[in-house]
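Reproduced below: my_file09.txt, with compact mmCIF, C-alpha atoms.
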# COMPACT_ATOMS: atom_id res chain seq x y z
CA ASP R 23 0.00 0.00 0.00
CA THR R 24 1.77 3.09 -1.25
CA GLY R 25 -0.88 5.58 -0.16
CA VAL R 26 -2.58 8.27 -2.18
CA SER R 27 -0.32 10.09 -4.61
CA GLN R 28 -0.84 13.37 -6.42
CA ASP R 29 0.96 14.96 -9.31
CA PRO R 30 2.29 17.58 -9.64
CA ARG R 31 3.03 18.69 -6.09
CA HIS R 32 3.33 22.29 -7.18
CA LYS R 33 2.00 24.17 -10.18
CA ILE R 34 2.55 27.81 -11.07
CA THR R 35 0.54 29.14 -13.96
CA LYS R 36 -0.57 32.39 -15.47
CA ARG R 37 -4.13 33.59 -15.29
CA GLY R 38 -6.18 32.25 -18.14
CA GLN R 39 -4.19 29.05 -18.62
CA ASN R 40 -5.62 25.56 -18.17
CA VAL R 41 -4.18 23.16 -15.61
CA THR R 42 -4.74 19.48 -14.89
CA PHE R 43 -3.97 17.57 -11.71
CA ARG R 44 -3.80 13.84 -11.23
CA CYS R 45 -4.66 11.70 -8.22
CA ASP R 46 -3.84 8.00 -7.79
CA PRO R 47 -5.84 6.52 -4.91
CA ILE R 48 -5.02 3.55 -2.73
CA SER R 49 -5.51 0.64 -5.09
CA GLU R 50 -8.44 -1.16 -3.46
CA HIS R 51 -10.41 2.01 -2.65
CA ASN R 52 -13.54 2.61 -4.70
CA ARG R 53 -14.28 6.15 -3.52
CA LEU R 54 -12.23 9.19 -4.46
CA TYR R 55 -12.75 12.72 -3.16
CA TRP R 56 -11.39 16.12 -4.14
CA TYR R 57 -11.08 18.99 -1.67
CA ARG R 58 -9.72 22.52 -1.91
CA GLN R 59 -7.85 24.23 0.92
CA THR R 60 -7.07 27.92 0.97
CA LEU R 61 -4.56 29.49 3.32
CA GLY R 62 -5.62 29.39 6.94
CA GLN R 63 -8.73 27.34 6.28
CA GLY R 64 -9.78 23.74 6.49
CA PRO R 65 -10.33 21.72 3.33
CA GLU R 66 -13.63 22.18 1.51
CA PHE R 67 -15.38 19.41 -0.39
CA LEU R 68 -15.43 19.74 -4.17
CA THR R 69 -16.61 16.43 -5.61
CA TYR R 70 -16.45 12.67 -5.22
CA PHE R 71 -16.56 9.49 -7.25
CA GLN R 72 -17.69 6.00 -6.51
CA ASN R 73 -15.83 3.87 -9.00
CA GLU R 74 -16.09 5.85 -12.25
CA ALA R 75 -19.35 7.64 -11.41
CA GLN R 76 -19.22 11.23 -10.21
CA LEU R 77 -21.92 11.28 -7.56
CA GLU R 78 -21.82 14.80 -6.19
CA LYS R 79 -20.39 18.18 -7.05
CA SER R 80 -20.17 21.10 -4.66
CA ARG R 81 -21.42 24.52 -5.64
CA LEU R 82 -17.76 25.53 -5.27
CA LEU R 83 -17.07 23.60 -8.46
CA SER R 84 -17.78 26.18 -11.14
CA ASP R 85 -18.20 25.37 -14.83
CA ARG R 86 -14.47 25.95 -15.29
CA PHE R 87 -13.74 22.87 -13.17
CA SER R 88 -14.13 19.33 -14.42
CA ALA R 89 -13.17 16.06 -12.81
CA GLU R 90 -13.00 12.58 -14.25
CA ARG R 91 -12.24 9.08 -13.10
CA PRO R 92 -12.44 7.19 -16.38
CA LYS R 93 -11.72 3.63 -15.29
CA GLY R 94 -12.49 3.89 -11.63
CA SER R 95 -8.82 4.15 -10.77
CA PHE R 96 -6.93 7.45 -11.05
CA SER R 97 -8.72 10.78 -11.30
CA THR R 98 -7.97 14.10 -12.96
CA LEU R 99 -9.12 17.56 -11.98
CA GLU R 100 -8.93 20.20 -14.70
CA ILE R 101 -9.33 23.92 -14.25
CA GLN R 102 -9.90 25.94 -17.38
CA ARG R 103 -9.14 29.65 -17.71
CA THR R 104 -7.55 29.84 -14.28
CA GLU R 105 -8.18 32.85 -12.08
CA GLN R 106 -6.13 34.18 -9.16
CA GLY R 107 -8.90 33.02 -6.83
CA ASP R 108 -8.17 29.44 -7.84
CA SER R 109 -4.84 29.57 -6.00
CA ALA R 110 -5.10 26.92 -3.31
CA MET R 111 -4.01 23.46 -2.24
CA TYR R 112 -6.01 20.77 -4.02
CA LEU R 113 -6.26 17.61 -1.96
CA CYS R 114 -7.34 14.18 -3.06
CA ALA R 115 -8.54 11.46 -0.70
CA SER R 116 -9.67 7.88 -1.18
CA SER R 117 -11.68 5.42 0.87
CA TRP R 118 -13.52 2.13 0.76
CA GLU R 119 -17.25 2.70 0.85
CA SER R 120 -18.40 0.32 3.51
CA GLY R 121 -19.81 1.49 6.79
CA ASN R 122 -17.18 2.20 9.39
CA ARG R 123 -14.42 1.39 6.99
CA ASN R 124 -15.15 4.60 5.11
CA THR R 125 -12.12 6.47 6.32
CA GLN R 126 -10.57 8.94 3.93
CA TYR R 127 -6.83 8.90 3.42
CA PHE R 128 -5.34 11.99 1.90
CA GLY R 129 -2.59 12.55 -0.60
CA PRO R 130 0.12 15.22 -0.25
CA GLY R 131 -1.85 17.73 -2.30
CA THR R 132 -1.12 19.91 -5.33
CA ARG R 133 -0.42 23.52 -4.54
CA LEU R 134 -1.62 25.79 -7.34
CA THR R 135 -0.41 29.36 -7.69
CA VAL R 136 -2.08 31.51 -10.33
CA LEU R 137 -0.13 34.64 -11.24
CA ALA N 16 -25.84 20.01 6.76
CA GLN N 17 -23.07 19.31 9.21
CA SER N 18 -20.50 21.82 10.44
CA VAL N 19 -17.49 21.94 12.73
CA THR N 20 -16.14 24.66 15.00
CA GLN N 21 -12.63 24.71 16.36
CA PRO N 22 -12.67 27.62 18.82
CA ASP N 23 -8.91 27.92 19.23
CA ILE N 24 -7.01 29.28 16.24
CA HIS N 25 -3.58 28.97 17.83
CA ILE N 26 -2.29 27.20 20.94
CA THR N 27 1.22 27.38 22.36
CA VAL N 28 2.31 24.63 24.71
CA SER N 29 5.59 23.73 26.40
CA GLU N 30 7.28 20.48 25.48
CA GLY N 31 6.23 17.81 27.93
CA ALA N 32 3.02 19.60 28.88
CA SER N 33 -0.45 18.29 28.14
CA LEU N 34 -2.47 19.41 25.15
CA GLU N 35 -6.20 19.62 24.54
CA LEU N 36 -7.75 20.82 21.30
CA ARG N 37 -11.45 21.60 21.21
CA CYS N 38 -13.90 20.58 18.53
CA ASN N 39 -17.65 21.14 18.43
CA TYR N 40 -19.84 19.79 15.68
CA SER N 41 -23.35 20.35 14.46
CA TYR N 42 -25.28 17.46 12.97
CA GLY N 43 -28.73 16.10 13.58
CA ALA N 44 -27.87 12.42 13.69
CA THR N 45 -24.92 10.32 14.77
CA PRO N 46 -21.83 11.81 13.19
CA TYR N 47 -18.61 10.19 12.12
CA LEU N 48 -15.75 12.21 13.63
CA PHE N 49 -12.12 12.50 12.69
CA TRP N 50 -8.97 14.31 13.69
CA TYR N 51 -6.30 14.94 11.08
CA VAL N 52 -2.89 16.58 11.41
CA GLN N 53 -1.15 18.62 8.71
CA SER N 54 2.48 19.68 8.64
CA PRO N 55 3.39 22.72 6.55
CA GLY N 56 2.99 22.11 2.85
CA GLN N 57 1.83 18.55 3.37
CA GLY N 58 -1.39 16.57 3.10
CA LEU N 59 -3.51 15.44 6.01
CA GLN N 60 -2.62 12.48 8.18
CA LEU N 61 -5.36 10.67 10.07
CA LEU N 62 -4.83 10.69 13.83
CA LEU N 63 -8.00 8.93 14.97
CA LYS N 64 -11.66 8.40 14.19
CA TYR N 65 -14.97 7.72 15.88
CA PHE N 66 -17.83 5.83 14.28
CA SER N 67 -19.58 4.16 17.17
CA GLY N 68 -18.97 2.26 20.41
CA ASP N 69 -16.49 3.36 23.03
CA THR N 70 -16.57 7.12 23.23
CA LEU N 71 -12.88 7.35 24.15
CA VAL N 72 -10.80 6.54 21.11
CA GLN N 73 -7.08 6.06 20.87
CA GLY N 74 -5.06 7.18 17.89
CA ILE N 75 -1.53 7.35 16.64
CA LYS N 76 1.31 9.32 18.18
CA GLY N 77 -0.19 9.05 21.67
CA PHE N 78 -3.33 11.06 20.91
CA GLU N 79 -6.81 10.28 22.18
CA ALA N 80 -10.21 11.90 21.77
CA GLU N 81 -13.49 11.68 23.60
CA PHE N 82 -16.91 11.90 21.97
CA LYS N 83 -19.48 13.65 24.15
CA ARG N 84 -22.88 13.62 22.51
CA SER N 85 -24.46 15.86 25.15
CA GLN N 86 -21.90 18.57 24.42
CA SER N 87 -21.58 17.90 20.67
CA SER N 88 -17.85 17.75 21.20
CA PHE N 89 -14.92 15.60 20.14
CA ASN N 90 -11.87 17.05 21.89
CA LEU N 91 -8.36 15.82 21.17
CA ARG N 92 -5.85 15.27 23.95
CA LYS N 93 -2.24 14.28 24.46
CA PRO N 94 -0.71 13.89 27.90
CA SER N 95 2.80 15.02 26.99
CA VAL N 96 3.62 16.85 23.78
CA HIS N 97 6.81 16.51 21.80
CA TRP N 98 8.38 19.18 19.62
CA SER N 99 7.38 17.11 16.58
CA ASP N 100 3.70 17.65 17.46
CA ALA N 101 3.92 21.22 16.20
CA ALA N 102 1.50 21.28 13.27
CA GLU N 103 -2.03 22.22 12.30
CA TYR N 104 -4.84 20.03 13.55
CA PHE N 105 -8.21 19.65 11.87
CA CYS N 106 -11.40 18.19 13.24
CA ALA N 107 -13.84 16.83 10.66
CA VAL N 108 -17.33 15.40 10.62
CA GLY N 109 -18.72 13.01 8.05
CA ALA N 110 -22.33 12.08 7.60
CA GLY N 111 -24.73 10.31 5.31
CA ASN N 112 -23.96 7.78 2.66
CA ASP N 113 -21.52 10.04 0.86
CA TYR N 114 -19.29 10.45 3.93
CA LYS N 115 -18.01 13.74 2.56
CA LEU N 116 -16.13 15.56 5.26
CA SER N 117 -16.77 19.01 6.69
CA PHE N 118 -13.70 20.45 8.35
CA GLY N 119 -13.12 23.03 11.01
CA ALA N 120 -10.78 25.93 10.31
CA GLY N 121 -7.99 24.21 12.20
CA THR N 122 -5.87 24.85 15.28
CA THR N 123 -2.19 25.61 14.92
CA VAL N 124 -0.08 24.13 17.70
CA THR N 125 3.29 25.64 18.56
CA VAL N 126 5.58 23.73 20.92
CA ARG N 127 8.13 25.74 22.87
CA ALA N 128 11.24 24.20 24.40
Before anything else, please render the file you have as structure tokens.
Amino acid sequence: DTGVSQDPRHKITKRGQNVTFRCDPISEHNRLYWYRQTLGQGPEFLTYFQNEAQLEKSRLLSDRFSAERPKGSFSTLEIQRTEQGDSAMYLCASSWESGNRNTQYFGPGTRLTVL
Amino acid sequence: AQSVTQPDIHITVSEGASLELRCNYSYGATPYLFWYVQSPGQGLQLLLKYFSGDTLVQGIKGFEAEFKRSQSSFNLRKPSVHWSDAAEYFCAVGAGNDYKLSFGAGTTVTVRA
């Protein structure tokens, strides 16, 4: 078990550019969550998948954001036409959806800076 | 919808002293409660969790937490802190079938020698 991994760890981009982040969950986990964390705040839920199905999206996830989990394994989060307000840490977590075993384990995060 | 309040933004404690971090939650039914720790620039590490059963739960690194339904609280404690415990601590509540987590704003712990 290598844990949840995220790539890249850091991304600096200019306003208006598109960026894509990748998350590889713990291999046997069927649920995958994305959160966003701004400076001095706790993480906020963005969206989650059960296998390849995206089951919920937060109102924080504007039309510029899209997430996929095509084969129920890794996931990508894309932000189009980035804005300075998108600067944050993007955290991915995975879990096994089964009663009290649904404990989310987090990756190291991708820190996005939009100039 | 559920929510979490961590009343203390910053706590400074001497090495070897005890530590208690407060967490209050709001949720109509039985919540699932978690404490995570985050070092600067890193992701979140799970310290402990409560789903049901014994209201005093033990976690990693010598931490424990007690669920008190009457007070809607899930406070984190450690009898003797080490310099390596300096970090930011987040309380979170999960609920419903989606188990999505709602986090508090966090408490930053500074350990002085």
Select from chain N every residue with an atom at most 7 Å from any atom of chain R, then for each give the shortest pair of atoms and their distance in Å to one decimal, using all atoms listed in the file, rows by chain and rising number, as a Markdown table.
| residue | atom | partner | partner_atom | distance |
| --- | --- | --- | --- | --- |
| N:Gln57 | CA | R:Pro130 | CA | 5.2 |
| N:Gly58 | CA | R:Pro130 | CA | 3.9 |
| N:Leu59 | CA | R:Phe128 | CA | 5.7 |
| N:Gln60 | CA | R:Phe128 | CA | 6.9 |
| N:Phe66 | CA | R:Asn122 | CA | 6.1 |
| N:Phe105 | CA | R:Gly64 | CA | 6.9 |
| N:Lys115 | CA | R:Phe67 | CA | 6.9 |
| N:Leu116 | CA | R:Phe67 | CA | 6.9 |
| N:Ser117 | CA | R:Glu66 | CA | 6.8 |
| N:Phe118 | CA | R:Gly64 | CA | 5.4 |
| N:Gly119 | CA | R:Gly64 | CA | 5.7 |
| N:Ala120 | CA | R:Gly64 | CA | 4.5 |
| N:Gly121 | CA | R:Gly64 | CA | 6.0 |
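Of note, CA of Thr27 in chain N and CA of Val126 in chain N are spaced 5.9 Å apart.
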Exercise. What is the CA of Thr104 in chain R to CA of Arg86 in chain R distance in Å?
Worked result: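 Answer for the CA of Thr104 in chain R to CA of Arg86 in chain R separation: 8.0 Å.
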Exercise. Expressed in Å to a single decimal, how great is the separation between CA of Glu50 in chain R and CA of Leu62 in chain N?
Worked result: 21.3 Å
Build an axis-aligned box that encloses every atom of range 65-83 of chain R listed in the file, pad it by 3 Å on each side, and report its centre and edge lengths in Å to one decimal, as AutoDock Vina command-line options.
--center_x -16.1 --center_y 14.7 --center_z -4.5 --size_x 17.6 --size_y 27.7 --size_z 21.6
Problem set entry | Minimum-distance residue to Asp108 in chain R, chosen among R:Arg44, R:Arg58, R:His51, R:Arg81 (using all atoms listed in the file) |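 Smallest separation from Asp108 in chain R among the options: R:Arg58.
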Exercise. Which residue out of N:Tyr114, N:Tyr42, N:Tyr65, N:Trp98 has the minimum interatomic distance to Phe82 in chain N when all atoms listed in the file are used?
Worked result: N:Tyr65
Problem set entry | Residue nearest Leu99 in chain R among R:Phe43, R:Asp29, R:Ile34, R:Glu74 (counting only C-alpha atoms) | R:Phe43
Kindly output range 18-29 of chain N as a compact mmCIF listing (two decimals), in the frame of the given file, after building all heavy atoms.
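The result, stored in result17.txt:
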# COMPACT_ATOMS: atom_id res chain seq x y z
N SER N 18 -21.54 20.80 10.34
CA SER N 18 -20.50 21.82 10.44
C SER N 18 -19.64 21.54 11.66
O SER N 18 -20.04 20.80 12.56
CB SER N 18 -21.09 23.22 10.53
OG SER N 18 -21.82 23.38 11.73
N VAL N 19 -18.45 22.14 11.66
CA VAL N 19 -17.49 21.94 12.73
C VAL N 19 -16.92 23.28 13.15
O VAL N 19 -16.61 24.12 12.31
CB VAL N 19 -16.34 21.03 12.26
CG1 VAL N 19 -15.26 20.92 13.32
CG2 VAL N 19 -16.86 19.65 11.90
N THR N 20 -16.77 23.46 14.45
CA THR N 20 -16.14 24.66 15.00
C THR N 20 -14.94 24.27 15.83
O THR N 20 -15.05 23.41 16.73
CB THR N 20 -17.12 25.45 15.88
OG1 THR N 20 -18.26 25.82 15.10
CG2 THR N 20 -16.45 26.71 16.41
N GLN N 21 -13.81 24.85 15.53
CA GLN N 21 -12.63 24.71 16.36
C GLN N 21 -12.37 26.10 16.97
O GLN N 21 -11.90 26.99 16.28
CB GLN N 21 -11.43 24.23 15.54
CG GLN N 21 -11.62 22.80 15.01
CD GLN N 21 -10.42 22.31 14.23
OE1 GLN N 21 -10.51 22.09 13.02
NE2 GLN N 21 -9.31 22.13 14.90
N PRO N 22 -12.68 26.27 18.24
CA PRO N 22 -12.67 27.62 18.82
C PRO N 22 -11.29 28.25 18.94
O PRO N 22 -11.17 29.47 18.97
CB PRO N 22 -13.27 27.40 20.22
CG PRO N 22 -13.93 26.07 20.17
CD PRO N 22 -13.19 25.27 19.17
N ASP N 23 -10.26 27.42 19.02
CA ASP N 23 -8.91 27.92 19.23
C ASP N 23 -8.15 27.96 17.91
O ASP N 23 -7.93 26.92 17.30
CB ASP N 23 -8.16 27.04 20.23
CG ASP N 23 -8.91 26.94 21.55
OD1 ASP N 23 -9.19 28.00 22.13
OD2 ASP N 23 -9.23 25.81 21.98
N ILE N 24 -7.76 29.15 17.49
CA ILE N 24 -7.01 29.28 16.24
C ILE N 24 -5.56 28.85 16.44
O ILE N 24 -4.97 28.20 15.59
CB ILE N 24 -7.07 30.73 15.73
CG1 ILE N 24 -8.52 31.10 15.40
CG2 ILE N 24 -6.18 30.92 14.51
CD1 ILE N 24 -8.70 32.56 15.05
N HIS N 25 -4.99 29.23 17.59
CA HIS N 25 -3.58 28.97 17.83
C HIS N 25 -3.40 28.62 19.31
O HIS N 25 -3.95 29.32 20.17
CB HIS N 25 -2.75 30.21 17.46
CG HIS N 25 -1.29 29.97 17.44
ND1 HIS N 25 -0.38 31.01 17.37
CD2 HIS N 25 -0.56 28.83 17.50
CE1 HIS N 25 0.85 30.50 17.37
NE2 HIS N 25 0.77 29.19 17.44
N ILE N 26 -2.64 27.58 19.57
CA ILE N 26 -2.29 27.20 20.94
C ILE N 26 -0.80 27.02 21.03
O ILE N 26 -0.18 26.40 20.14
CB ILE N 26 -3.02 25.89 21.34
CG1 ILE N 26 -4.50 26.15 21.59
CG2 ILE N 26 -2.37 25.26 22.56
CD1 ILE N 26 -5.28 24.92 22.00
N THR N 27 -0.20 27.58 22.09
CA THR N 27 1.22 27.38 22.36
C THR N 27 1.34 26.55 23.63
O THR N 27 0.70 26.87 24.64
CB THR N 27 1.96 28.71 22.53
OG1 THR N 27 1.86 29.45 21.30
CG2 THR N 27 3.42 28.48 22.84
N VAL N 28 2.15 25.52 23.56
CA VAL N 28 2.31 24.63 24.71
C VAL N 28 3.79 24.30 24.88
O VAL N 28 4.55 24.24 23.90
CB VAL N 28 1.46 23.36 24.51
CG1 VAL N 28 1.89 22.60 23.26
CG2 VAL N 28 1.48 22.47 25.72
N SER N 29 4.21 24.10 26.12
CA SER N 29 5.59 23.73 26.40
C SER N 29 5.79 22.25 26.15
O SER N 29 4.88 21.43 26.40
CB SER N 29 5.96 24.07 27.84
OG SER N 29 5.88 25.46 28.07
